[in-house]
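Structure first, commentary second.
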Amino acid sequence: MAGLTAFRGTAEASPANDVSAGLFPSARYRKDADDRLTQLLSEAAGQLDRGGVAATTDYAAAAAALARFDFSRPSDLNDVLGWVVRRMQSGMTQVSHQRYFGLFNPTPSFPAQCADRIVAQFNPQLASATTSPFPVAVERHVIRAMAGRLDMPSSTMGHFTSGGSEANATAVICALTRAEPEYGQRGLYAFKGRPLLYVSKDAHLAWLKIAHQTGIGREAVRLVATDGKGRMNGTALSEAIAADRAAGHVPVLVVSTAGTTGAGVVDDMTANASIARREGAWHHVDAAWGGALAVSDRLRHVLRGIECADSVTIDAHKWLAVTMGCGMFITAHPAVLSDAFHVTMDCMPSNAADLDPYVTTMQWSRRFLGLRLFVALATAGWSGYAEFVERSVQLSEMLRDSVIRRGWDVVNDSPLAVTCLRPPPGARKVQDIAQDITASGEAWISTVEFEGEKVIRVCMTSGQTTGSDVARLVGLLDRHSRGH
């Protein structure tokens, strides 16, 4: 019980007692530890650009280092915090590094980090608007603001999610709920045929997991051919739906992708919405990455057609640069959302389908996620966010121009900050180029298959990337493509 002896620690407690306070230390000790953590994180951030991007500790070494913690006796909090921060500096890919050109993980904005600390302190439970009126109001306010930027109907509502997978799973549940009135009670037995959903073959394959989770099965996911440029082929979509109807199946969901993971391609959302309406299917737009363009008056035209969607996914922890994980589900059909998740339980203080998140979301107990985006938006405004995303696109254009002059080909036509590259004739294999650059620690890039060809993928994810960082990457690509 050594670590639990001073749960009722006070500001008057001695430093020795403060250390032994364990889980609930005195106010004075908490302030000292909080100041120390702030210092540690500030120092780590300052050292980031002087270190490498790749992890320098592998899993085996990390697991071996953890053996010292058998939890048989307490440790000083300051020692533990320092140890963890040092291990984080070496034991992971540094996604906050300005030369991390990898997946959609961003350098998180500082306002979002501050919001995370506030939420950790107050620890609100967002199940009910009665117990958490301010947090629930904040999230609804931000969702409506984002819906307005997407030009969706004024009645649009939604909620924050753990990420894009939860948001997209919510879309499947809403589609099933609207397609068959008895689905809520009888489940898939209510359907006269097998419910199917349609996505581009270049869409994020979390749809397969979602199909498994929701009970329709992975075979219910139709991966529709693309048009040779990465966009879902409308003719192929219509033909697939027609063939499935003839076989007795029930098309319930058409998914457009606004920013494919591999190549940043945006499907024709207007055409897909028209097909979905004709077929009586729900039209969902997975804009987890590309939906961030809604903040920019100059670039939001890229999302033309998204206003016609029945629902939309946007991940704030991607191009809106808040901390992981923070997604949004936005729908023009709030009644369907309420129908999908309604429940009554005596222990809950209220049961308002238009307010209480526990009856309009998949989760019950959940974290106050929306504060991250609220604080960031309140700090930067639409104009500050627009500058951020527009700059990412400009840096991508700089990269494309630079590598083309060196004989590389840009194989994707993306309005987003994702560039797919083919090396010059006679160059090394793309896997070898990417592996050597990543192993050097100077930058982090990846490879992806695009329209049947393995290419190098570079994504501008960090708000701290500069033109000098892009020039350095170009030099690395040039050098490693020749094996030097």
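Chain labels run A, B, ... following the order of the structure tokens; each chain numbers its residues from 1, and ligands are numbered from 1 in the order shown.
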**Q.** Within 9 Å of A:Tyr198 using only C-alpha atoms, minus same-chain residues under 2 positions, as a PyMOL selection string
**A.** chain A and resi 196+200+220-224+237+240-241+251-256
Env of stretch 147-160 of chain A: 7 Å cut, atoms = only C-alpha atoms, seq-sep filter 6 positions within chain, self excluded. Answer as a compact mmCIF listing (two decimals) with C-alpha atoms, in the first residue's frame.
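Output contents, as saved in result.txt:
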```txt
# COMPACT_ATOMS: atom_id res chain seq x y z
CA GLU A 139 -19.32 19.32 -29.99
CA ARG A 140 -22.68 20.13 -31.57
CA ALA A 294 -13.74 22.57 -46.47
CA VAL A 295 -11.83 25.15 -44.42
CA ILE A 306 -20.27 16.44 -50.95
CA GLU A 307 -23.24 18.64 -50.04
CA CYS A 326 -10.67 12.40 -33.32
CA GLY A 327 -13.13 11.70 -36.12
CA MET A 328 -16.50 13.18 -37.07
CA PHE A 329 -19.68 11.64 -38.43
CA ILE A 330 -21.99 14.19 -40.05
CA THR A 331 -25.42 13.33 -41.49
CA ALA A 332 -28.25 15.12 -43.22
CA HIS A 333 -30.68 12.63 -41.62
CA PRO A 334 -30.68 13.12 -37.84
CA LEU A 369 -12.98 14.75 -28.24
CA GLY A 370 -14.45 17.84 -29.86
```
Enumerate, as a short mmCIF file (atom, residue, chain, number, x, y, z; two decimals) with N, CA and C atoms, in the first residue's frame, the complete set of residues in stretch 7-228 of chain A that a backbone-based DSSP assignment places in strand (DSSP E).
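File part.cif, as written:
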```cif
data_model
loop_
_atom_site.label_atom_id
_atom_site.label_comp_id
_atom_site.auth_asym_id
_atom_site.auth_seq_id
_atom_site.Cartn_x
_atom_site.Cartn_y
_atom_site.Cartn_z
N MET A 157 -26.79 17.09 -38.46
CA MET A 157 -26.20 16.92 -37.14
C MET A 157 -25.17 15.78 -37.21
N GLY A 158 -24.57 15.47 -36.10
CA GLY A 158 -23.58 14.41 -36.07
C GLY A 158 -22.88 14.37 -34.74
N HIS A 159 -21.71 13.76 -34.70
CA HIS A 159 -20.99 13.63 -33.44
C HIS A 159 -19.53 13.32 -33.73
N PHE A 160 -18.72 13.45 -32.70
CA PHE A 160 -17.31 13.08 -32.80
C PHE A 160 -17.16 11.59 -32.53
N THR A 161 -16.14 11.01 -33.15
CA THR A 161 -15.90 9.57 -33.04
C THR A 161 -14.44 9.32 -32.70
N PRO A 195 -27.72 -7.52 -47.96
CA PRO A 195 -27.36 -6.11 -48.08
C PRO A 195 -25.91 -5.96 -48.55
N LEU A 196 -25.70 -5.04 -49.49
CA LEU A 196 -24.37 -4.84 -50.07
C LEU A 196 -23.97 -3.38 -50.01
N LEU A 197 -22.66 -3.15 -49.94
CA LEU A 197 -22.13 -1.79 -50.03
C LEU A 197 -21.07 -1.74 -51.11
N TYR A 198 -20.89 -0.55 -51.71
CA TYR A 198 -20.03 -0.37 -52.88
C TYR A 198 -19.02 0.73 -52.61
N VAL A 199 -17.73 0.38 -52.76
CA VAL A 199 -16.64 1.34 -52.59
C VAL A 199 -15.62 1.13 -53.70
N SER A 200 -14.83 2.14 -53.94
CA SER A 200 -13.74 2.02 -54.90
C SER A 200 -12.73 0.98 -54.44
N VAL A 221 -18.95 -6.44 -49.38
CA VAL A 221 -18.25 -5.25 -49.85
C VAL A 221 -17.87 -5.44 -51.31
N ARG A 222 -18.44 -4.63 -52.18
CA ARG A 222 -18.12 -4.67 -53.60
C ARG A 222 -17.05 -3.63 -53.90
N LEU A 223 -15.87 -4.11 -54.29
CA LEU A 223 -14.76 -3.21 -54.62
C LEU A 223 -14.87 -2.87 -56.11
N VAL A 224 -15.30 -1.66 -56.38
CA VAL A 224 -15.62 -1.24 -57.74
C VAL A 224 -14.35 -0.78 -58.46
#
```
Q: Assign secondary structure with DSSP using the backbone only, and return the residues of stretch 79-125 of chain A in alpha helix (DSSP H) as a count of residues only.
A: 25
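Comparing the minimum interatomic distances between A:Val458 and each of A:Leu320, A:Leu103, A:Ala258, A:Val312, counting only C-alpha atoms, we find that A:Leu103 sits nearest.
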Would you tabulate, counting only C-alpha atoms, all residues of stretch 372-470 of chain A that have an atom at most 10 Å from an atom of stretch 113-125 of chain A, showing the closest pair of atoms and their distance in Å to one decimal, sorted by chain then ascending number, as a Markdown table?
```
| residue | atom | partner | partner_atom | distance |
| --- | --- | --- | --- | --- |
| A:Arg372 | CA | A:Ala115 | CA | 5.1 |
| A:Leu373 | CA | A:Ala115 | CA | 8.5 |
| A:Phe374 | CA | A:Ala115 | CA | 8.6 |
| A:Val375 | CA | A:Ala115 | CA | 6.5 |
| A:Ala376 | CA | A:Ala115 | CA | 8.5 |
```
Export C-alpha atoms of the chosen residues as a PDB file, in the first residue's frame?
```pdb
ATOM      1  CA  ARG A 372      -9.459  19.743 -29.521  1.00  0.00           C
ATOM      2  CA  LEU A 373     -10.952  21.017 -32.754  1.00  0.00           C
ATOM      3  CA  PHE A 374     -12.950  23.747 -31.011  1.00  0.00           C
ATOM      4  CA  VAL A 375      -9.870  25.245 -29.343  1.00  0.00           C
ATOM      5  CA  ALA A 376      -7.849  24.988 -32.567  1.00  0.00           C
TER       6      ALA A 376
END
```
Report as a ChimeraX atom specification all protein, DNA and RNA residues lying within 10 Å of A:Ser128, evaluated on only C-alpha atoms, omitting residues in the same chain fewer than 4 positions from it. /A:132-133,135-136,348-352,355-359,364-365
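In this model, the gap between atom CA of A:Gly46 and atom CA of A:Gln94 comes to 13.0 Å.
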_I want to know what sits within 9 Å of A:Gly291, based on only C-alpha atoms, with residues of the same chain fewer than 6 positions away left out; could you give that as number ranges by chain?_
A: 150, 258-259, 300, 303, 312-315, 319
Correct to one decimal, the distance atom CA of A:Gly215-atom CA of A:Ala316 is 27.9 Å
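Take the candidates A:Val336, A:Leu371, A:Ala471, A:Thr361 and check each one against A:Pro181 using only C-alpha atoms; the shortest distance goes to A:Val336.
If only C-alpha atoms are the atoms counted, then among A:Ile437, A:Val250, A:Ile216, A:Ala203 the closest residue to A:Met232 is A:Ala203.
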*Excluding same-chain residues fewer than 6 positions from A:Glu180, what lies within 12 Å of it counting only C-alpha atoms, as a PyMOL selection string?*
chain A and resi 173-174+186-195+250-252+280-282+336+339-340
Taken to one decimal, the atom CA of A:Ala417-atom CA of A:Val389 distance is 8.3 Å
Can you list, as number ranges by chain, every protein, DNA or RNA residue that comes within 6 Å of A:Val322 when you count only C-alpha atoms, leaving out same-chain residues fewer than 6 positions away? A: 108-109, 112, 316
Output the selection as a PDB file, in the first residue's frame - N, CA and C atoms for each residue.
```pdb
ATOM      1  N   PRO A 108       0.590  17.468 -34.356  1.00  0.00           N
ATOM      2  CA  PRO A 108      -0.626  18.038 -33.768  1.00  0.00           C
ATOM      3  C   PRO A 108      -0.444  19.507 -33.413  1.00  0.00           C
ATOM      4  N   SER A 109      -1.493  20.288 -33.632  1.00  0.00           N
ATOM      5  CA  SER A 109      -1.420  21.705 -33.310  1.00  0.00           C
ATOM      6  C   SER A 109      -1.312  21.887 -31.800  1.00  0.00           C
ATOM      7  N   ALA A 112      -4.660  22.105 -29.861  1.00  0.00           N
ATOM      8  CA  ALA A 112      -5.275  20.796 -29.636  1.00  0.00           C
ATOM      9  C   ALA A 112      -4.619  20.064 -28.478  1.00  0.00           C
ATOM     10  N   ALA A 316     -10.553  14.739 -37.833  1.00  0.00           N
ATOM     11  CA  ALA A 316      -9.840  15.943 -37.399  1.00  0.00           C
ATOM     12  C   ALA A 316      -8.390  15.633 -37.056  1.00  0.00           C
TER      13      ALA A 316
END
```
